[in-house]
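Undergrad: Contents of data_18.cif (mmCIF, C-alpha atoms and all ligand atoms) are given next:
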```cif
data_run
loop_
_atom_site.label_atom_id
_atom_site.label_comp_id
_atom_site.auth_asym_id
_atom_site.auth_seq_id
_atom_site.Cartn_x
_atom_site.Cartn_y
_atom_site.Cartn_z
CA MET A 1 -74.30 -32.11 -5.63
CA ARG A 2 -72.39 -31.04 -2.55
CA ASN A 3 -69.34 -29.49 -4.23
CA LYS A 4 -71.13 -27.12 -6.52
CA GLN A 5 -69.06 -23.99 -7.13
CA ILE A 6 -70.66 -20.65 -7.74
CA LYS A 7 -69.00 -17.90 -9.70
CA ILE A 8 -70.55 -14.46 -9.70
CA MET A 9 -69.01 -12.47 -12.54
CA VAL A 10 -69.59 -8.71 -12.53
CA GLY A 11 -69.22 -6.93 -15.88
CA LYS A 12 -67.00 -3.82 -15.73
CA PRO A 13 -67.39 -0.87 -15.80
CA THR A 14 -70.02 -0.46 -13.09
CA GLY A 15 -71.38 2.78 -11.63
CA PHE A 16 -72.48 5.94 -13.39
CA CYS A 17 -71.16 6.70 -16.85
CA PHE A 18 -69.20 9.89 -17.52
CA GLY A 19 -72.28 11.82 -18.76
CA VAL A 20 -74.47 10.94 -15.77
CA LYS A 21 -71.68 11.71 -13.24
CA ARG A 22 -71.10 15.05 -14.90
CA ALA A 23 -74.82 15.97 -14.90
CA ILE A 24 -75.23 15.09 -11.20
CA ALA A 25 -72.13 17.14 -10.32
CA ILE A 26 -73.53 20.14 -12.26
CA VAL A 27 -76.88 19.95 -10.43
CA LYS A 28 -75.16 19.75 -7.02
CA ARG A 29 -72.87 22.67 -7.88
CA GLU A 30 -75.79 24.85 -9.00
CA ALA A 31 -77.88 23.91 -5.95
CA LYS A 32 -75.00 24.95 -3.67
CA LYS A 33 -74.45 28.22 -5.54
CA ALA A 34 -78.16 29.08 -5.40
CA GLN A 35 -78.21 28.50 -1.61
CA GLY A 36 -81.98 28.22 -1.67
CA LYS A 37 -82.33 31.84 -2.93
CA ASN A 38 -83.04 30.97 -6.55
CA PRO A 39 -85.23 27.97 -7.31
CA VAL A 40 -83.32 25.18 -9.11
CA TYR A 41 -85.18 22.89 -11.48
CA THR A 42 -84.22 20.02 -13.73
CA LEU A 43 -86.22 19.49 -16.90
CA GLY A 44 -87.17 15.87 -16.27
CA PRO A 45 -85.39 13.68 -13.70
CA ILE A 46 -81.59 14.05 -13.99
CA ILE A 47 -81.21 10.29 -13.53
CA HIS A 48 -83.48 7.24 -13.20
CA ASN A 49 -82.54 6.59 -9.61
CA ASN A 50 -84.72 7.41 -6.61
CA GLN A 51 -81.92 7.66 -4.06
CA VAL A 52 -80.00 10.25 -6.07
CA LEU A 53 -83.23 12.14 -6.76
CA LYS A 54 -84.04 12.24 -3.02
CA GLU A 55 -80.55 13.59 -2.29
CA LEU A 56 -81.05 16.33 -4.88
CA GLN A 57 -84.49 17.07 -3.44
CA SER A 58 -82.84 17.64 -0.06
CA LEU A 59 -80.73 20.32 -1.80
CA ASN A 60 -83.99 22.02 -2.91
CA VAL A 61 -83.76 20.80 -6.51
CA LYS A 62 -87.19 20.28 -8.04
CA ILE A 63 -88.13 18.33 -11.14
CA ILE A 64 -90.43 19.82 -13.77
CA SER A 65 -91.76 17.69 -16.60
CA ALA A 66 -92.83 20.59 -18.86
CA VAL A 67 -91.85 24.24 -19.41
CA SER A 68 -95.47 25.25 -18.65
CA GLU A 69 -94.82 24.34 -14.99
CA LEU A 70 -92.49 27.35 -14.67
CA LYS A 71 -94.11 30.50 -13.27
CA GLN A 72 -94.49 33.39 -15.72
CA LYS A 73 -92.99 36.11 -13.50
CA PRO A 74 -90.92 34.54 -10.76
CA LEU A 75 -89.50 36.72 -7.97
CA ALA A 76 -85.98 35.28 -8.22
CA ALA A 77 -84.64 34.09 -11.58
CA PRO A 78 -85.01 30.30 -11.54
CA ILE A 79 -82.20 28.06 -12.74
CA VAL A 80 -83.27 25.32 -15.13
CA ILE A 81 -80.82 22.49 -15.74
CA ILE A 82 -81.00 20.49 -18.96
CA ARG A 83 -80.20 16.86 -18.17
CA SER A 84 -77.68 14.59 -19.92
CA HIS A 85 -80.28 13.50 -22.55
CA GLY A 86 -80.43 17.11 -23.82
CA CYS A 87 -83.57 18.76 -25.20
CA ALA A 88 -84.84 20.48 -28.36
CA PRO A 89 -83.69 24.10 -28.97
CA VAL A 90 -87.31 25.28 -29.08
CA LEU A 91 -87.69 24.21 -25.43
CA VAL A 92 -84.52 26.08 -24.48
CA GLU A 93 -85.99 29.24 -26.06
CA LYS A 94 -89.28 28.80 -24.19
CA ILE A 95 -87.41 28.43 -20.88
CA LYS A 96 -85.40 31.60 -21.61
CA GLN A 97 -88.63 33.48 -22.38
CA LYS A 98 -89.82 32.66 -18.87
CA GLY A 99 -86.85 34.62 -17.49
CA CYS A 100 -84.91 31.55 -16.39
CA GLN A 101 -81.20 30.98 -16.43
CA ILE A 102 -80.25 27.83 -18.32
CA ILE A 103 -77.48 25.47 -17.28
CA ASP A 104 -76.80 22.87 -19.93
CA ALA A 105 -75.78 19.46 -18.53
CA THR A 106 -76.30 17.70 -21.87
CA CYS A 107 -73.72 14.91 -22.17
CA PRO A 108 -71.00 16.00 -24.65
CA TYR A 109 -71.61 12.78 -26.63
CA VAL A 110 -75.29 13.69 -27.02
CA LYS A 111 -74.30 17.27 -27.86
CA ARG A 112 -72.16 15.87 -30.68
CA VAL A 113 -75.24 14.17 -32.20
CA GLN A 114 -77.25 17.39 -31.86
CA ASN A 115 -74.43 19.26 -33.65
CA TYR A 116 -74.44 16.76 -36.53
CA ALA A 117 -78.22 17.08 -36.80
CA ALA A 118 -77.96 20.90 -36.95
CA MET A 119 -75.12 20.71 -39.51
CA LEU A 120 -77.15 18.34 -41.73
CA LYS A 121 -80.16 20.64 -41.54
CA ASN A 122 -78.06 23.70 -42.43
CA ASN A 123 -76.60 21.88 -45.45
CA GLY A 124 -79.97 20.84 -46.91
CA TYR A 125 -79.88 17.18 -45.84
CA TYR A 126 -82.88 15.10 -44.84
CA THR A 127 -81.91 13.79 -41.38
CA VAL A 128 -82.76 10.35 -40.05
CA VAL A 129 -82.31 9.64 -36.35
CA VAL A 130 -82.09 5.93 -35.58
CA GLY A 131 -83.45 5.31 -32.07
CA ASP A 132 -86.49 5.04 -29.85
CA LYS A 133 -88.94 7.70 -30.97
CA ASN A 134 -90.24 8.17 -27.41
CA HIS A 135 -86.83 8.68 -25.81
CA PRO A 136 -86.09 12.28 -24.67
CA GLU A 137 -82.63 12.20 -26.28
CA VAL A 138 -84.18 11.39 -29.68
CA LYS A 139 -86.86 14.08 -29.27
CA GLY A 140 -84.06 16.58 -28.55
CA ILE A 141 -81.96 15.55 -31.59
CA ILE A 142 -84.97 15.75 -33.91
CA GLY A 143 -85.48 19.29 -32.61
CA TYR A 144 -82.03 20.21 -33.97
CA ALA A 145 -82.64 18.49 -37.30
CA GLY A 146 -85.68 20.64 -38.15
CA ARG A 147 -88.68 19.69 -40.27
CA GLN A 148 -86.85 17.70 -42.92
CA ALA A 149 -86.16 14.85 -40.55
CA GLN A 150 -87.65 11.71 -39.10
CA VAL A 151 -87.00 9.05 -36.49
CA TYR A 152 -86.23 5.56 -37.71
CA ASP A 153 -87.85 3.85 -34.75
CA ILE A 154 -85.93 0.78 -33.60
CA ASN A 155 -89.08 -0.51 -31.92
CA SER A 156 -91.10 -0.60 -35.14
CA LYS A 157 -90.79 -2.92 -38.07
CA PHE A 158 -88.21 -1.31 -40.36
CA LYS A 159 -89.81 -2.59 -43.54
CA ASN A 160 -92.93 -0.54 -42.90
CA GLN A 161 -91.11 2.71 -42.50
CA LYS A 162 -90.81 4.88 -45.61
CA LEU A 163 -88.38 7.77 -45.85
CA LYS A 164 -89.99 10.91 -47.30
CA VAL A 165 -86.70 12.23 -48.66
CA ASN A 166 -87.93 13.98 -51.85
CA HIS A 167 -84.63 13.55 -53.73
CA ARG A 168 -82.64 15.24 -50.97
CA PRO A 169 -79.30 13.94 -49.74
CA VAL A 170 -79.78 11.93 -46.57
CA GLY A 171 -77.79 12.08 -43.32
CA VAL A 172 -78.11 9.41 -40.64
CA VAL A 173 -77.26 9.68 -36.93
CA ALA A 174 -78.01 7.36 -34.00
CA GLN A 175 -79.30 7.68 -30.46
CA THR A 176 -76.12 7.26 -28.39
CA THR A 177 -77.20 4.22 -26.36
CA ILE A 178 -78.71 1.86 -28.94
CA SER A 179 -76.76 -1.29 -29.76
CA ARG A 180 -74.36 -1.53 -32.68
CA GLN A 181 -76.54 -4.30 -34.08
CA GLU A 182 -79.66 -2.09 -34.04
CA PHE A 183 -77.75 0.66 -35.83
CA GLN A 184 -76.34 -1.77 -38.39
CA ASN A 185 -79.79 -3.25 -39.05
CA ALA A 186 -81.21 0.20 -39.71
CA VAL A 187 -78.30 1.22 -41.97
CA SER A 188 -78.57 -1.95 -44.04
CA ALA A 189 -82.31 -1.32 -44.42
CA PHE A 190 -81.51 2.18 -45.78
CA SER A 191 -78.87 0.90 -48.14
CA ALA A 192 -81.53 -1.15 -49.93
CA HIS A 193 -82.88 2.12 -51.42
CA ASP A 194 -81.35 4.61 -53.85
CA TYR A 195 -80.42 8.06 -52.61
CA ARG A 196 -78.62 10.93 -54.22
CA GLU A 197 -76.24 10.84 -51.30
CA LEU A 198 -76.29 8.90 -48.02
CA ARG A 199 -74.01 10.05 -45.16
CA ILE A 200 -73.87 7.90 -42.06
CA PHE A 201 -72.46 9.20 -38.78
CA ASN A 202 -71.58 6.68 -36.10
CA THR A 203 -72.76 8.59 -33.03
CA LEU A 204 -72.93 5.63 -30.65
CA CYS A 205 -71.46 6.35 -27.22
CA GLN A 206 -68.23 4.40 -26.71
CA GLU A 207 -68.83 4.08 -22.97
CA SER A 208 -72.22 2.53 -23.62
CA GLN A 209 -70.72 0.29 -26.33
CA ASN A 210 -68.04 -0.97 -23.90
CA ARG A 211 -70.76 -2.06 -21.46
CA GLN A 212 -72.65 -3.73 -24.29
CA ASN A 213 -69.52 -5.65 -25.41
CA THR A 214 -68.86 -6.76 -21.82
CA CYS A 215 -72.51 -7.82 -21.54
CA GLN A 216 -72.23 -9.88 -24.74
CA ASN A 217 -69.06 -11.66 -23.50
CA LEU A 218 -70.59 -12.36 -20.10
CA ALA A 219 -73.85 -13.66 -21.55
CA ASN A 220 -71.87 -16.12 -23.70
CA ASN A 221 -70.22 -17.61 -20.62
CA VAL A 222 -72.81 -17.76 -17.85
CA ASN A 223 -75.87 -19.83 -16.92
CA LEU A 224 -77.92 -16.82 -15.85
CA MET A 225 -77.64 -13.04 -16.20
CA ILE A 226 -78.87 -10.33 -13.87
CA VAL A 227 -79.18 -6.88 -15.47
CA VAL A 228 -79.39 -4.10 -12.88
CA GLY A 229 -80.94 -0.74 -13.69
CA SER A 230 -84.07 1.35 -13.89
CA ARG A 231 -86.93 0.06 -16.02
CA SER A 232 -87.01 3.42 -17.78
CA SER A 233 -83.27 3.41 -18.60
CA ALA A 234 -82.67 2.93 -22.33
CA ASN A 235 -79.12 1.61 -21.97
CA THR A 236 -80.20 -0.95 -19.32
CA THR A 237 -82.91 -2.17 -21.71
CA SER A 238 -80.31 -2.49 -24.49
CA LEU A 239 -78.09 -4.57 -22.18
CA ALA A 240 -80.95 -6.95 -21.35
CA GLU A 241 -81.78 -7.37 -25.06
CA ILE A 242 -78.13 -8.12 -25.90
CA ALA A 243 -77.87 -10.65 -23.05
CA LYS A 244 -81.04 -12.46 -24.19
CA LYS A 245 -79.43 -13.24 -27.54
CA SER A 246 -76.90 -15.64 -25.96
CA CYS A 247 -78.27 -16.47 -22.51
CA ARG A 248 -81.61 -18.18 -21.91
CA ARG A 249 -82.11 -16.86 -18.38
CA VAL A 250 -81.91 -13.08 -18.20
CA TYR A 251 -83.59 -11.11 -15.39
CA LYS A 252 -83.78 -7.34 -15.21
CA ILE A 253 -83.99 -5.87 -11.70
CA GLU A 254 -83.81 -2.40 -10.16
CA ASN A 255 -82.36 -3.45 -6.79
CA LYS A 256 -81.52 -6.42 -4.55
CA LYS A 257 -85.11 -6.73 -3.28
CA GLU A 258 -86.22 -7.94 -6.70
CA LEU A 259 -83.95 -11.01 -6.69
CA ASN A 260 -86.12 -14.12 -6.69
CA GLN A 261 -84.88 -17.43 -5.29
CA LYS A 262 -87.09 -19.34 -7.75
CA TRP A 263 -84.85 -18.22 -10.63
CA PHE A 264 -81.92 -20.12 -9.14
CA SER A 265 -83.58 -23.19 -7.60
CA ASN A 266 -83.76 -25.22 -10.82
CA LEU A 267 -80.28 -24.15 -11.85
CA CYS A 268 -78.84 -25.29 -8.51
CA ARG A 269 -80.36 -28.75 -8.99
CA LYS A 270 -78.48 -29.19 -12.28
CA ARG A 271 -75.50 -31.54 -12.38
CA GLU A 272 -72.97 -28.94 -13.55
CA LYS A 273 -70.20 -28.46 -10.98
CA VAL A 274 -69.77 -24.76 -11.65
CA LEU A 275 -72.65 -22.37 -11.80
CA ARG A 276 -71.82 -19.05 -13.42
CA ILE A 277 -73.97 -15.99 -12.77
CA GLY A 278 -73.30 -12.75 -14.65
CA VAL A 279 -74.17 -9.30 -13.30
CA ILE A 280 -74.18 -6.21 -15.51
CA ALA A 281 -75.45 -2.72 -14.73
CA GLY A 282 -76.73 0.21 -16.76
CA ALA A 283 -75.00 3.60 -16.91
CA SER A 284 -77.41 5.18 -14.40
CA THR A 285 -77.10 2.41 -11.79
CA PRO A 286 -75.09 3.48 -8.74
CA GLN A 287 -72.04 1.42 -7.77
CA HIS A 288 -73.48 0.61 -4.33
CA THR A 289 -76.65 -0.89 -5.89
CA VAL A 290 -74.48 -3.33 -7.87
CA PHE A 291 -72.54 -4.17 -4.70
CA GLU A 292 -75.77 -4.81 -2.75
CA VAL A 293 -77.11 -7.02 -5.55
CA THR A 294 -73.96 -9.18 -5.63
CA GLN A 295 -73.97 -9.52 -1.82
CA GLU A 296 -77.62 -10.55 -1.79
CA LEU A 297 -77.06 -12.84 -4.74
CA GLY A 298 -74.48 -14.75 -2.67
CA SER A 299 -77.03 -15.45 0.11
CA VAL A 300 -79.85 -16.31 -2.31
CA LEU A 301 -77.59 -18.79 -4.12
CA LYS A 302 -76.46 -20.39 -0.84
CA ASN A 303 -80.12 -20.92 0.13
CA SER A 304 -80.92 -22.31 -3.31
CA ILE A 305 -78.06 -24.82 -3.08
CA ALA A 306 -79.17 -25.84 0.43
CA GLY A 307 -82.68 -26.39 -1.01
CA GLY A 308 -81.16 -28.41 -3.85
CA HIS A 309 -79.38 -30.71 -1.37
CA ASN A 310 -82.61 -31.42 0.46
CA ASN A 311 -84.23 -32.49 -2.78
CA ASN A 312 -81.43 -34.43 -4.38
CA ASP A 313 -79.11 -35.91 -1.76
S1 LIG B 1 -74.40 6.63 -21.79
FE1 LIG B 1 -72.86 7.75 -22.97
S2 LIG B 1 -74.05 9.30 -24.07
FE2 LIG B 1 -75.36 8.58 -22.42
S3 LIG B 1 -74.96 10.00 -20.74
FE3 LIG B 1 -73.57 8.25 -20.48
S4 LIG B 1 -71.65 8.90 -21.46
FE4 LIG B 1 -73.29 10.24 -22.19
#
```
I need this file expressed as structure tokens, please.
Ligand code: SF4
TA:
Amino acid sequence: MRNKQIKIMVGKPTGFCFGVKRAIAIVKREAKKAQGKNPVYTLGPIIHNNQVLKELQSLNVKIISAVSELKQKPLAAPIVIIRSHGCAPVLVEKIKQKGCQIIDATCPYVKRVQNYAAMLKNNGYYTVVVGDKNHPEVKGIIGYAGRQAQVYDINSKFKNQKLKVNHRPVGVVAQTTISRQEFQNAVSAFSAHDYRELRIFNTLCQESQNRQNTCQNLANNVNLMIVVGSRSSANTTSLAEIAKKSCRRVYKIENKKELNQKWFSNLCRKREKVLRIGVIAGASTPQHTVFEVTQELGSVLKNSIAGGHNNND
């Protein structure tokens, strides 16, 4: 089919979300202020992106994965930056005890969930956090909710999870980046039980929800979807899961090098005149990575069509 048209549709917004941009700006500001005199650390990588991490490394910013990595009596007071995911208050205390200065780059939307968790704890509620139990944001929120709390793990089978509420009122919050559907599923599972009181707080991040809605619309209208982002990014994973619900061919990549011509060859041999490819990116994917992917996608598709002509003409 010689006149095949290709449409590459990029879901907006692209580039870093507000919380990630803010956290990177805070780290750069602190690195500049410290001028190499005070060590600057981030507790965990500030973003799941190697290029940004290398840039921060060049500004003498180091990543620590645990508080125990901080020296007991440092010569100059180290600066420890809490990333956008936030962390449990007990960790903040431990860092302070090591004589460090804390700079909190927790995203304000995550902070809001932490505040709800603390409020529920202070008012005698049993707190349920709907999310991925292994995600750092969830571990941080649970830290604010105290002992009378549990994670409602979206990766487990809901039916098998029992709430140990002991006749307490129950408060529910969500990890900011899970999908609306995941939150709704969990809430309807709760509602099947009787509680003295059940308070549900919609703590989903609107910026993340906008990307998810765009992803859903794109997936409904394309032949193939490319989801760009780090494998360890929770919101990128959510986007891929949403896309899979309405599009049969969904591929998750970190950068242009991972595009595979094989994915497009069969599609290009199909009789349809217009081939629609959707591209969507997670909140920690830089704008230029999305640009590079779409550029490369253009060449890969041209080659695939040329291959299709050889076979079919
Ligand atoms: S996805 Fe939303 S909650 Fe997460 S860092 Fe970005 S703005 Fe904040």
Undergrad: Each residue of chain A with at least one atom at most 8 Å from ligand LIG 1 (chain B) should appear once, together with its nearest atom pair and the corresponding distance in Å (one decimal); atoms considered: all atoms listed in the file; ordering: chain, then increasing residue number; output as JSON lines.
TA:
```
{"residue": "A:Phe16", "atom": "CA", "partner": "B:LIG1", "partner_atom": "FE3", "distance": 7.5}
{"residue": "A:Cys17", "atom": "CA", "partner": "B:LIG1", "partner_atom": "FE3", "distance": 4.6}
{"residue": "A:Phe18", "atom": "CA", "partner": "B:LIG1", "partner_atom": "S4", "distance": 4.7}
{"residue": "A:Gly19", "atom": "CA", "partner": "B:LIG1", "partner_atom": "S3", "distance": 3.8}
{"residue": "A:Val20", "atom": "CA", "partner": "B:LIG1", "partner_atom": "S3", "distance": 5.1}
{"residue": "A:Ser84", "atom": "CA", "partner": "B:LIG1", "partner_atom": "S3", "distance": 5.4}
{"residue": "A:His85", "atom": "CA", "partner": "B:LIG1", "partner_atom": "S3", "distance": 6.6}
{"residue": "A:Thr106", "atom": "CA", "partner": "B:LIG1", "partner_atom": "S3", "distance": 7.9}
{"residue": "A:Cys107", "atom": "CA", "partner": "B:LIG1", "partner_atom": "FE4", "distance": 4.7}
{"residue": "A:Pro108", "atom": "CA", "partner": "B:LIG1", "partner_atom": "FE4", "distance": 6.7}
{"residue": "A:Tyr109", "atom": "CA", "partner": "B:LIG1", "partner_atom": "S2", "distance": 5.0}
{"residue": "A:Val110", "atom": "CA", "partner": "B:LIG1", "partner_atom": "S2", "distance": 5.4}
{"residue": "A:Thr176", "atom": "CA", "partner": "B:LIG1", "partner_atom": "S2", "distance": 5.2}
{"residue": "A:Thr177", "atom": "CA", "partner": "B:LIG1", "partner_atom": "S1", "distance": 5.9}
{"residue": "A:Leu204", "atom": "CA", "partner": "B:LIG1", "partner_atom": "S2", "distance": 7.6}
{"residue": "A:Cys205", "atom": "CA", "partner": "B:LIG1", "partner_atom": "FE1", "distance": 4.7}
{"residue": "A:Gln206", "atom": "CA", "partner": "B:LIG1", "partner_atom": "FE1", "distance": 6.8}
{"residue": "A:Glu207", "atom": "CA", "partner": "B:LIG1", "partner_atom": "FE1", "distance": 5.5}
{"residue": "A:Ser208", "atom": "CA", "partner": "B:LIG1", "partner_atom": "S1", "distance": 5.0}
{"residue": "A:Asn235", "atom": "CA", "partner": "B:LIG1", "partner_atom": "S1", "distance": 6.9}
{"residue": "A:Ala283", "atom": "CA", "partner": "B:LIG1", "partner_atom": "S1", "distance": 5.8}
{"residue": "A:Ser284", "atom": "CA", "partner": "B:LIG1", "partner_atom": "FE3", "distance": 7.8}
```
Undergrad: In Å, rounded to a single decimal, give me how far atom CA of Thr14 of chain A is from atom CA of Leu43 of chain A.
TA: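 Atom-to-atom, atom CA of Leu43 of chain A and atom CA of Thr14 of chain A are spaced 26.0 Å apart.
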Undergrad: Could you tell me which of A:Gln212, A:Asn185, A:Asn123, A:Ser58 comes closest to Thr237 of chain A if we count only C-alpha atoms?
TA: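 Closest candidate: A:Gln212.
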Undergrad: Compare A:Leu239, A:Val172, A:Ile200, A:Ile178 by their minimum atom-to-atom distance to Glu137 of chain A, counting only C-alpha atoms, and give me the closest one.
TA: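 Among the listed residues, A:Ile178 lies closest to Glu137 of chain A.
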Undergrad: Quote the spacing between atom CA of Lys7 of chain A and atom CA of Arg231 of chain A in Å to one decimal place.
TA: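 Answer for the atom CA of Lys7 of chain A to atom CA of Arg231 of chain A separation: 26.2 Å.
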